$ cat model_16.pdb   # PDB, C-alpha atoms
ATOM      1  CA  MET A 133       0.000   0.000   0.000  1.00  0.00           C
ATOM      2  CA  THR A 134       1.776   3.151  -1.196  1.00  0.00           C
ATOM      3  CA  VAL A 135       1.324   6.780  -2.126  1.00  0.00           C
ATOM      4  CA  THR A 136       3.825   8.231  -4.603  1.00  0.00           C
ATOM      5  CA  PHE A 137       4.512  11.835  -5.567  1.00  0.00           C
ATOM      6  CA  LYS A 138       6.642  12.313  -8.670  1.00  0.00           C
ATOM      7  CA  LEU A 139       7.587  15.542 -10.398  1.00  0.00           C
ATOM      8  CA  GLU A 140       7.038  15.492 -14.150  1.00  0.00           C
ATOM      9  CA  GLY A 141       7.072  18.153 -16.875  1.00  0.00           C
ATOM     10  CA  LEU A 142      10.069  20.047 -15.547  1.00  0.00           C
ATOM     11  CA  GLU A 143      11.613  20.825 -18.940  1.00  0.00           C
ATOM     12  CA  ASN A 144      11.433  24.648 -18.583  1.00  0.00           C
ATOM     13  CA  LEU A 145      12.783  24.531 -15.075  1.00  0.00           C
ATOM     14  CA  LEU A 146      15.591  22.155 -15.966  1.00  0.00           C
ATOM     15  CA  ALA A 147      16.582  24.375 -18.903  1.00  0.00           C
ATOM     16  CA  LYS A 148      16.897  27.332 -16.517  1.00  0.00           C
ATOM     17  CA  LEU A 149      18.904  25.506 -13.894  1.00  0.00           C
ATOM     18  CA  LYS A 150      22.649  25.044 -14.270  1.00  0.00           C
ATOM     19  CA  SER A 151      22.689  21.538 -12.777  1.00  0.00           C
ATOM     20  CA  LEU A 152      20.629  18.973 -10.937  1.00  0.00           C
ATOM     21  CA  GLU A 153      22.242  20.356  -7.785  1.00  0.00           C
ATOM     22  CA  ASP A 154      20.006  23.403  -8.264  1.00  0.00           C
ATOM     23  CA  LEU A 155      16.962  21.162  -7.655  1.00  0.00           C
ATOM     24  CA  LYS A 156      17.707  20.964  -3.919  1.00  0.00           C
ATOM     25  CA  PHE A 157      14.833  23.348  -3.236  1.00  0.00           C
ATOM     26  CA  LEU A 158      12.356  20.880  -4.805  1.00  0.00           C
ATOM     27  CA  LYS A 159      13.892  17.887  -3.086  1.00  0.00           C
ATOM     28  CA  ALA A 160      13.397  19.561   0.292  1.00  0.00           C
ATOM     29  CA  ILE A 161       9.750  20.313  -0.500  1.00  0.00           C
ATOM     30  CA  LEU A 162       9.112  16.764  -1.707  1.00  0.00           C
ATOM     31  CA  ARG A 163      10.794  15.277   1.357  1.00  0.00           C
ATOM     32  CA  ALA A 164       8.622  17.483   3.601  1.00  0.00           C
ATOM     33  CA  THR A 165       5.565  16.452   1.570  1.00  0.00           C
ATOM     34  CA  GLY A 166       6.349  12.805   2.255  1.00  0.00           C
ATOM     35  CA  VAL A 167       6.711  13.416   5.984  1.00  0.00           C
ATOM     36  CA  THR A 168       3.440  15.388   6.130  1.00  0.00           C
ATOM     37  CA  THR A 169       1.578  12.732   4.129  1.00  0.00           C
ATOM     38  CA  LYS A 170       2.986   9.966   6.333  1.00  0.00           C
ATOM     39  CA  LYS A 171       1.867  11.804   9.459  1.00  0.00           C
ATOM     40  CA  HIS A 172      -1.630  12.363   8.038  1.00  0.00           C
ATOM     41  CA  ILE A 173      -2.208   8.775   6.883  1.00  0.00           C
ATOM     42  CA  ALA A 174      -0.787   7.365  10.141  1.00  0.00           C
ATOM     43  CA  THR A 175      -3.327   9.255  12.267  1.00  0.00           C
ATOM     44  CA  TYR A 176      -5.751   6.846  13.889  1.00  0.00           C
ATOM     45  CA  PRO A 177      -9.398   7.792  14.295  1.00  0.00           C
ATOM     46  CA  SER A 178     -10.708   8.017  17.849  1.00  0.00           C
ATOM     47  CA  ALA A 179     -11.120   4.734  19.662  1.00  0.00           C
ATOM     48  CA  THR A 180     -14.651   3.288  19.667  1.00  0.00           C
ATOM     49  CA  GLU A 181     -16.573   0.632  21.552  1.00  0.00           C
ATOM     50  CA  ALA A 182     -14.701  -1.905  19.405  1.00  0.00           C
ATOM     51  CA  ASN A 183     -11.540  -0.943  21.326  1.00  0.00           C
ATOM     52  CA  SER A 184     -13.040  -1.382  24.816  1.00  0.00           C
ATOM     53  CA  PRO A 185     -13.816  -4.409  26.985  1.00  0.00           C
ATOM     54  CA  ARG A 186     -17.468  -5.416  26.558  1.00  0.00           C
ATOM     55  CA  GLY A 187     -18.102  -8.091  29.139  1.00  0.00           C
ATOM     56  CA  PRO A 188     -17.853 -11.866  29.587  1.00  0.00           C
ATOM     57  CA  GLY A 189     -17.800 -13.845  26.350  1.00  0.00           C
ATOM     58  CA  MET A 190     -17.139 -10.728  24.286  1.00  0.00           C
ATOM     59  CA  SER A 191     -14.071  -9.615  22.361  1.00  0.00           C
ATOM     60  CA  TRP A 192     -12.469  -6.286  21.548  1.00  0.00           C
ATOM     61  CA  TYR A 193      -9.423  -5.073  19.649  1.00  0.00           C
ATOM     62  CA  GLN A 194      -6.745  -3.282  21.629  1.00  0.00           C
ATOM     63  CA  ARG A 195      -4.526  -1.159  19.412  1.00  0.00           C
ATOM     64  CA  GLY A 196      -0.892  -2.195  19.526  1.00  0.00           C
ATOM     65  CA  GLN A 197      -1.775  -5.640  20.870  1.00  0.00           C
ATOM     66  CA  GLY A 198      -4.589  -7.445  19.084  1.00  0.00           C
ATOM     67  CA  THR A 199      -7.864  -9.151  19.893  1.00  0.00           C
ATOM     68  CA  HIS A 200      -8.791  -9.654  23.549  1.00  0.00           C
ATOM     69  CA  TYR A 201     -11.403 -12.180  24.660  1.00  0.00           C
ATOM     70  CA  GLN A 202     -13.073 -11.826  28.049  1.00  0.00           C
ATOM     71  CA  LYS A 203     -13.562 -15.371  29.318  1.00  0.00           C
ATOM     72  CA  VAL A 204     -16.970 -16.198  30.769  1.00  0.00           C
ATOM     73  CA  GLY A 205     -15.375 -17.691  33.904  1.00  0.00           C
ATOM     74  CA  GLY A 206     -13.008 -14.731  34.348  1.00  0.00           C
ATOM     75  CA  GLY A 207      -9.688 -13.715  32.905  1.00  0.00           C
ATOM     76  CA  GLU A 208      -8.917 -13.011  29.289  1.00  0.00           C
ATOM     77  CA  SER A 209      -7.079 -14.345  26.279  1.00  0.00           C
ATOM     78  CA  ILE A 210      -5.039 -12.124  23.996  1.00  0.00           C
ATOM     79  CA  TYR A 211      -4.250 -12.912  20.371  1.00  0.00           C
ATOM     80  CA  LYS A 212      -1.307 -10.649  19.550  1.00  0.00           C
ATOM     81  CA  THR A 213      -2.163  -9.862  15.949  1.00  0.00           C
ATOM     82  CA  SER A 214      -1.328  -6.149  15.836  1.00  0.00           C
ATOM     83  CA  GLU A 215       1.444  -5.118  13.461  1.00  0.00           C
ATOM     84  CA  THR A 216       1.160  -1.509  14.710  1.00  0.00           C
ATOM     85  CA  LEU A 217      -0.104  -0.036  11.448  1.00  0.00           C
ATOM     86  CA  ARG A 218       0.585   3.555  12.517  1.00  0.00           C
ATOM     87  CA  ASP A 219       4.257   2.880  13.228  1.00  0.00           C
ATOM     88  CA  GLN A 220       4.954   1.017   9.980  1.00  0.00           C
ATOM     89  CA  TRP A 221       4.408   3.943   7.583  1.00  0.00           C
ATOM     90  CA  THR A 222       7.679   4.856   5.858  1.00  0.00           C
ATOM     91  CA  THR A 223       8.959   7.439   3.393  1.00  0.00           C
ATOM     92  CA  GLU A 224      11.500   6.739   0.680  1.00  0.00           C
ATOM     93  CA  VAL A 225      13.157   9.362  -1.532  1.00  0.00           C
ATOM     94  CA  LYS A 226      13.974   8.067  -5.024  1.00  0.00           C
ATOM     95  CA  ASP A 227      14.916   9.262  -8.518  1.00  0.00           C
ATOM     96  CA  ASN A 228      17.599  11.659  -7.330  1.00  0.00           C
ATOM     97  CA  GLY A 229      15.129  13.219  -4.904  1.00  0.00           C
ATOM     98  CA  LEU A 230      12.328  13.855  -7.409  1.00  0.00           C
ATOM     99  CA  THR A 231      10.082  11.026  -6.193  1.00  0.00           C
ATOM    100  CA  VAL A 232       8.885  10.436  -2.656  1.00  0.00           C
ATOM    101  CA  LYS A 233       7.140   7.184  -1.833  1.00  0.00           C
ATOM    102  CA  VAL A 234       5.056   6.795   1.327  1.00  0.00           C
ATOM    103  CA  GLY A 235       4.235   3.176   2.055  1.00  0.00           C
ATOM    104  CA  ASN A 236       3.231   0.534   4.541  1.00  0.00           C
ATOM    105  CA  ASN A 237       3.780  -3.243   4.441  1.00  0.00           C
ATOM    106  CA  VAL A 238       1.431  -4.261   7.271  1.00  0.00           C
ATOM    107  CA  THR A 239      -0.427  -7.326   5.995  1.00  0.00           C
ATOM    108  CA  TYR A 240      -3.880  -6.047   6.942  1.00  0.00           C
ATOM    109  CA  GLY A 241      -3.169  -2.430   5.908  1.00  0.00           C
ATOM    110  CA  PRO A 242      -5.196  -2.458   2.672  1.00  0.00           C
ATOM    111  CA  PHE A 243      -8.279  -3.682   4.566  1.00  0.00           C
ATOM    112  CA  VAL A 244      -7.950  -0.694   6.886  1.00  0.00           C
ATOM    113  CA  GLN A 245      -6.632   2.097   4.625  1.00  0.00           C
ATOM    114  CA  ASP A 246      -7.203   1.336   0.927  1.00  0.00           C
ATOM    115  CA  LYS A 247     -10.405   2.757  -0.584  1.00  0.00           C
ATOM    116  CA  GLU A 248     -11.164  -0.335  -2.710  1.00  0.00           C
ATOM    117  CA  LYS A 249     -10.302  -2.956  -0.071  1.00  0.00           C
ATOM    118  CA  GLN A 250     -11.285  -1.176   3.155  1.00  0.00           C
ATOM    119  CA  ALA A 251     -13.598  -3.217   5.397  1.00  0.00           C
ATOM    120  CA  TRP A 252     -16.966  -1.537   5.992  1.00  0.00           C
ATOM    121  CA  PHE A 253     -16.422  -1.343   9.759  1.00  0.00           C
ATOM    122  CA  HIS A 254     -13.122   0.551   9.320  1.00  0.00           C
ATOM    123  CA  LYS A 255     -14.873   3.015   7.017  1.00  0.00           C
ATOM    124  CA  ALA A 256     -17.715   3.385   9.531  1.00  0.00           C
ATOM    125  CA  ARG A 257     -15.192   4.167  12.280  1.00  0.00           C
ATOM    126  CA  GLY A 258     -13.510   6.946  10.290  1.00  0.00           C
ATOM    127  CA  TRP A 259     -10.289   5.357   9.044  1.00  0.00           C
ATOM    128  CA  LEU A 260      -8.721   7.488   6.295  1.00  0.00           C
ATOM    129  CA  THR A 261      -7.651   5.730   3.130  1.00  0.00           C
ATOM    130  CA  THR A 262      -4.526   6.566   1.167  1.00  0.00           C
ATOM    131  CA  GLN A 263      -6.817   7.906  -1.541  1.00  0.00           C
ATOM    132  CA  ASP A 264      -8.586  10.180   1.000  1.00  0.00           C
ATOM    133  CA  VAL A 265      -5.243  11.641   2.039  1.00  0.00           C
ATOM    134  CA  ILE A 266      -4.200  12.304  -1.566  1.00  0.00           C
ATOM    135  CA  GLU A 267      -7.583  13.894  -2.263  1.00  0.00           C
ATOM    136  CA  GLN A 268      -7.264  16.102   0.831  1.00  0.00           C
ATOM    137  CA  ASP A 269      -3.544  16.934   0.639  1.00  0.00           C
ATOM    138  CA  GLY A 270      -2.913  16.733  -3.115  1.00  0.00           C
ATOM    139  CA  PRO A 271      -4.060  20.253  -4.059  1.00  0.00           C
ATOM    140  CA  LYS A 272      -1.959  21.830  -1.287  1.00  0.00           C
ATOM    141  CA  ILE A 273       1.095  19.787  -2.289  1.00  0.00           C
ATOM    142  CA  THR A 274       0.640  20.728  -5.943  1.00  0.00           C
ATOM    143  CA  GLU A 275       0.316  24.398  -4.998  1.00  0.00           C
ATOM    144  CA  GLN A 276       3.473  24.306  -2.863  1.00  0.00           C
ATOM    145  CA  LEU A 277       5.451  22.733  -5.690  1.00  0.00           C
ATOM    146  CA  ARG A 278       4.027  25.123  -8.306  1.00  0.00           C
ATOM    147  CA  ASP A 279       4.837  28.157  -6.144  1.00  0.00           C
ATOM    148  CA  ALA A 280       8.394  26.963  -5.563  1.00  0.00           C
ATOM    149  CA  ILE A 281       8.961  26.311  -9.271  1.00  0.00           C
ATOM    150  CA  GLU A 282       7.460  29.650 -10.311  1.00  0.00           C
ATOM    151  CA  ALA A 283       9.625  31.436  -7.762  1.00  0.00           C
ATOM    152  CA  LYS A 284      12.723  29.679  -9.103  1.00  0.00           C
ATOM    153  CA  LEU A 285      11.794  30.449 -12.720  1.00  0.00           C
ATOM    154  CA  GLY A 286      11.318  34.108 -11.761  1.00  0.00           C
ATOM    155  CA  GLU A 287      14.870  34.439 -10.391  1.00  0.00           C
TER     156      GLU A 287
END
$ encode --input "model_16.pdb" --output "structure tokens"
Amino acid sequence: MTVTFKLEGLENLLAKLKSLEDLKFLKAILRATGVTTKKHIATYPSATEANSPRGPGMSWYQRGQGTHYQKVGGGESIYKTSETLRDQWTTEVKDNGLTVKVGNNVTYGPFVQDKEKQAWFHKARGWLTTQDVIEQDGPKITEQLRDAIEAKLGE
């Protein structure tokens, strides 16, 4: 499950710059974009009743641990299935700094945060998908990059 930002159509800018070293200003913006996107997608929605003990014979999911079962006779069992989705988001800078990839390899990640595969109960509880984050952050990211390029072209 990944989100990728890649700069394309930079012919005019590249013609104006003396070397790829002059692209440092874009690399810094893209790197910051990756960090911001990672932070946004890694934000959990508020905990719900599904994350709280519910009584004998019932189960709940405790973030960072997994599924808990309250035994009818007392005590509980814990199935440690959590891969800590929030903590597994990464950023990777590629293509000489002109591509930033934000990704996550948690096995159940797509069922929590991919628009096409997201389970209905995760959607109902407010989990953002990678597509939601791009839809929300994309215009701002595009504007930041456009402004930086226009400023550089105006020098």
$ closest_residue --input "model_16.pdb" --among "A:Ala179, A:Asp264, A:Asn237, A:Trp192" --to "Gln250 (chain A)" --atoms "only C-alpha atoms"
A:Asp264
$ residues_around --input "model_16.pdb" --residues "Val265 (chain A)" --least-positions-apart "3" --cutoff "8 Å" --atoms "only C-alpha atoms" --output "VMD selection string"
chain A and resid 169 172 to 173 260 to 262 268 to 270
$ atom_distance --input "model_16.pdb" --atom1 "CA of Pro188 (chain A)" --atom2 "CA of Trp259 (chain A)"
27.9 Å
$ closest_residue --input "model_16.pdb" --among "A:Phe157, A:Arg163, A:Met133, A:Gly187" --to "Val232 (chain A)" --atoms "all atoms listed in the file"
A:Arg163
$ closest_residue --input "model_16.pdb" --among "A:Lys203, A:Lys247, A:Lys171, A:Lys284" --to "Pro185 (chain A)" --atoms "all atoms listed in the file"
A:Lys203
$ axis_aligned_box --input "model_16.pdb" --around "region 247-264 of chain A" --padding-each-side "3 Å" --output "JSON"
{"center_x": -11.1, "center_y": 3.5, "center_z": 4.8, "size_x": 19.2, "size_y": 19.4, "size_z": 21.0}
$ residues_around --input "model_16.pdb" --residues "region 174-178 of chain A" --least-positions-apart "6" --cutoff "12 Å" --atoms "all atoms listed in the file" --output "ChimeraX atom specification"
/A:166-168,184,195-196,216-223,234-236,241,244-245,254-262,265
$ atom_distance --input "model_16.pdb" --atom1 "CA of Gly286 (chain A)" --atom2 "CA of Val225 (chain A)"
26.8 Å
$ atom_distance --input "model_16.pdb" --atom1 "CA of Lys249 (chain A)" --atom2 "CA of Thr136 (chain A)"
18.6 Å
$ residues_near_point --input "model_16.pdb" --point "(-6.7, -3.7, 16.6)" --cutoff "9 Å" --atoms "all atoms listed in the file" --output "PyMOL selection string"
chain A and resi 182-183+192-199+213-216
$ resolve_selection --input "model_16.pdb" --expression "the PyMOL selection byres ((chain A and resi 208) around 12)" --output "PyMOL selection string"
chain A and resi 185-192+199-207+209-211
$ write_last_selection --input "model_16.pdb" --atoms "C-alpha atoms" --output "compact mmCIF listing (two decimals), keeping the file's coordinate frame"
# COMPACT_ATOMS: atom_id res chain seq x y z
CA PRO A 185 -13.82 -4.41 26.98
CA ARG A 186 -17.47 -5.42 26.56
CA GLY A 187 -18.10 -8.09 29.14
CA PRO A 188 -17.85 -11.87 29.59
CA GLY A 189 -17.80 -13.84 26.35
CA MET A 190 -17.14 -10.73 24.29
CA SER A 191 -14.07 -9.62 22.36
CA TRP A 192 -12.47 -6.29 21.55
CA THR A 199 -7.86 -9.15 19.89
CA HIS A 200 -8.79 -9.65 23.55
CA TYR A 201 -11.40 -12.18 24.66
CA GLN A 202 -13.07 -11.83 28.05
CA LYS A 203 -13.56 -15.37 29.32
CA VAL A 204 -16.97 -16.20 30.77
CA GLY A 205 -15.38 -17.69 33.90
CA GLY A 206 -13.01 -14.73 34.35
CA GLY A 207 -9.69 -13.72 32.90
CA SER A 209 -7.08 -14.34 26.28
CA ILE A 210 -5.04 -12.12 24.00
CA TYR A 211 -4.25 -12.91 20.37
$ closest_residue --input "model_16.pdb" --among "A:Glu181, A:Leu158, A:Lys170, A:Ala251" --to "Arg278 (chain A)" --atoms "all atoms listed in the file"
A:Leu158
$ closest_residue --input "model_16.pdb" --among "A:Thr165, A:Lys156, A:Pro242, A:Glu143" --to "Thr274 (chain A)" --atoms "only C-alpha atoms"
A:Thr165
$ decode --input "model_16.pdb" --residues "region 177-268 of chain A" --atoms "C-alpha atoms" --output "CSV table (one decimal), in the first residue's frame"
chain,number,residue,atom,x,y,z
A,177,PRO,CA,-9.4,7.8,14.3
A,178,SER,CA,-10.7,8.0,17.8
A,179,ALA,CA,-11.1,4.7,19.7
A,180,THR,CA,-14.7,3.3,19.7
A,181,GLU,CA,-16.6,0.6,21.6
A,182,ALA,CA,-14.7,-1.9,19.4
A,183,ASN,CA,-11.5,-0.9,21.3
A,184,SER,CA,-13.0,-1.4,24.8
A,185,PRO,CA,-13.8,-4.4,27.0
A,186,ARG,CA,-17.5,-5.4,26.6
A,187,GLY,CA,-18.1,-8.1,29.1
A,188,PRO,CA,-17.9,-11.9,29.6
A,189,GLY,CA,-17.8,-13.8,26.3
A,190,MET,CA,-17.1,-10.7,24.3
A,191,SER,CA,-14.1,-9.6,22.4
A,192,TRP,CA,-12.5,-6.3,21.5
A,193,TYR,CA,-9.4,-5.1,19.6
A,194,GLN,CA,-6.7,-3.3,21.6
A,195,ARG,CA,-4.5,-1.2,19.4
A,196,GLY,CA,-0.9,-2.2,19.5
A,197,GLN,CA,-1.8,-5.6,20.9
A,198,GLY,CA,-4.6,-7.4,19.1
A,199,THR,CA,-7.9,-9.2,19.9
A,200,HIS,CA,-8.8,-9.7,23.5
A,201,TYR,CA,-11.4,-12.2,24.7
A,202,GLN,CA,-13.1,-11.8,28.0
A,203,LYS,CA,-13.6,-15.4,29.3
A,204,VAL,CA,-17.0,-16.2,30.8
A,205,GLY,CA,-15.4,-17.7,33.9
A,206,GLY,CA,-13.0,-14.7,34.3
A,207,GLY,CA,-9.7,-13.7,32.9
A,208,GLU,CA,-8.9,-13.0,29.3
A,209,SER,CA,-7.1,-14.3,26.3
A,210,ILE,CA,-5.0,-12.1,24.0
A,211,TYR,CA,-4.3,-12.9,20.4
A,212,LYS,CA,-1.3,-10.6,19.5
A,213,THR,CA,-2.2,-9.9,15.9
A,214,SER,CA,-1.3,-6.1,15.8
A,215,GLU,CA,1.4,-5.1,13.5
A,216,THR,CA,1.2,-1.5,14.7
A,217,LEU,CA,-0.1,0.0,11.4
A,218,ARG,CA,0.6,3.6,12.5
A,219,ASP,CA,4.3,2.9,13.2
A,220,GLN,CA,5.0,1.0,10.0
A,221,TRP,CA,4.4,3.9,7.6
A,222,THR,CA,7.7,4.9,5.9
A,223,THR,CA,9.0,7.4,3.4
A,224,GLU,CA,11.5,6.7,0.7
A,225,VAL,CA,13.2,9.4,-1.5
A,226,LYS,CA,14.0,8.1,-5.0
A,227,ASP,CA,14.9,9.3,-8.5
A,228,ASN,CA,17.6,11.7,-7.3
A,229,GLY,CA,15.1,13.2,-4.9
A,230,LEU,CA,12.3,13.9,-7.4
A,231,THR,CA,10.1,11.0,-6.2
A,232,VAL,CA,8.9,10.4,-2.7
A,233,LYS,CA,7.1,7.2,-1.8
A,234,VAL,CA,5.1,6.8,1.3
A,235,GLY,CA,4.2,3.2,2.1
A,236,ASN,CA,3.2,0.5,4.5
A,237,ASN,CA,3.8,-3.2,4.4
A,238,VAL,CA,1.4,-4.3,7.3
A,239,THR,CA,-0.4,-7.3,6.0
A,240,TYR,CA,-3.9,-6.0,6.9
A,241,GLY,CA,-3.2,-2.4,5.9
A,242,PRO,CA,-5.2,-2.5,2.7
A,243,PHE,CA,-8.3,-3.7,4.6
A,244,VAL,CA,-7.9,-0.7,6.9
A,245,GLN,CA,-6.6,2.1,4.6
A,246,ASP,CA,-7.2,1.3,0.9
A,247,LYS,CA,-10.4,2.8,-0.6
A,248,GLU,CA,-11.2,-0.3,-2.7
A,249,LYS,CA,-10.3,-3.0,-0.1
A,250,GLN,CA,-11.3,-1.2,3.2
A,251,ALA,CA,-13.6,-3.2,5.4
A,252,TRP,CA,-17.0,-1.5,6.0
A,253,PHE,CA,-16.4,-1.3,9.8
A,254,HIS,CA,-13.1,0.6,9.3
A,255,LYS,CA,-14.9,3.0,7.0
A,256,ALA,CA,-17.7,3.4,9.5
A,257,ARG,CA,-15.2,4.2,12.3
A,258,GLY,CA,-13.5,6.9,10.3
A,259,TRP,CA,-10.3,5.4,9.0
A,260,LEU,CA,-8.7,7.5,6.3
A,261,THR,CA,-7.7,5.7,3.1
A,262,THR,CA,-4.5,6.6,1.2
A,263,GLN,CA,-6.8,7.9,-1.5
A,264,ASP,CA,-8.6,10.2,1.0
A,265,VAL,CA,-5.2,11.6,2.0
A,266,ILE,CA,-4.2,12.3,-1.6
A,267,GLU,CA,-7.6,13.9,-2.3
A,268,GLN,CA,-7.3,16.1,0.8
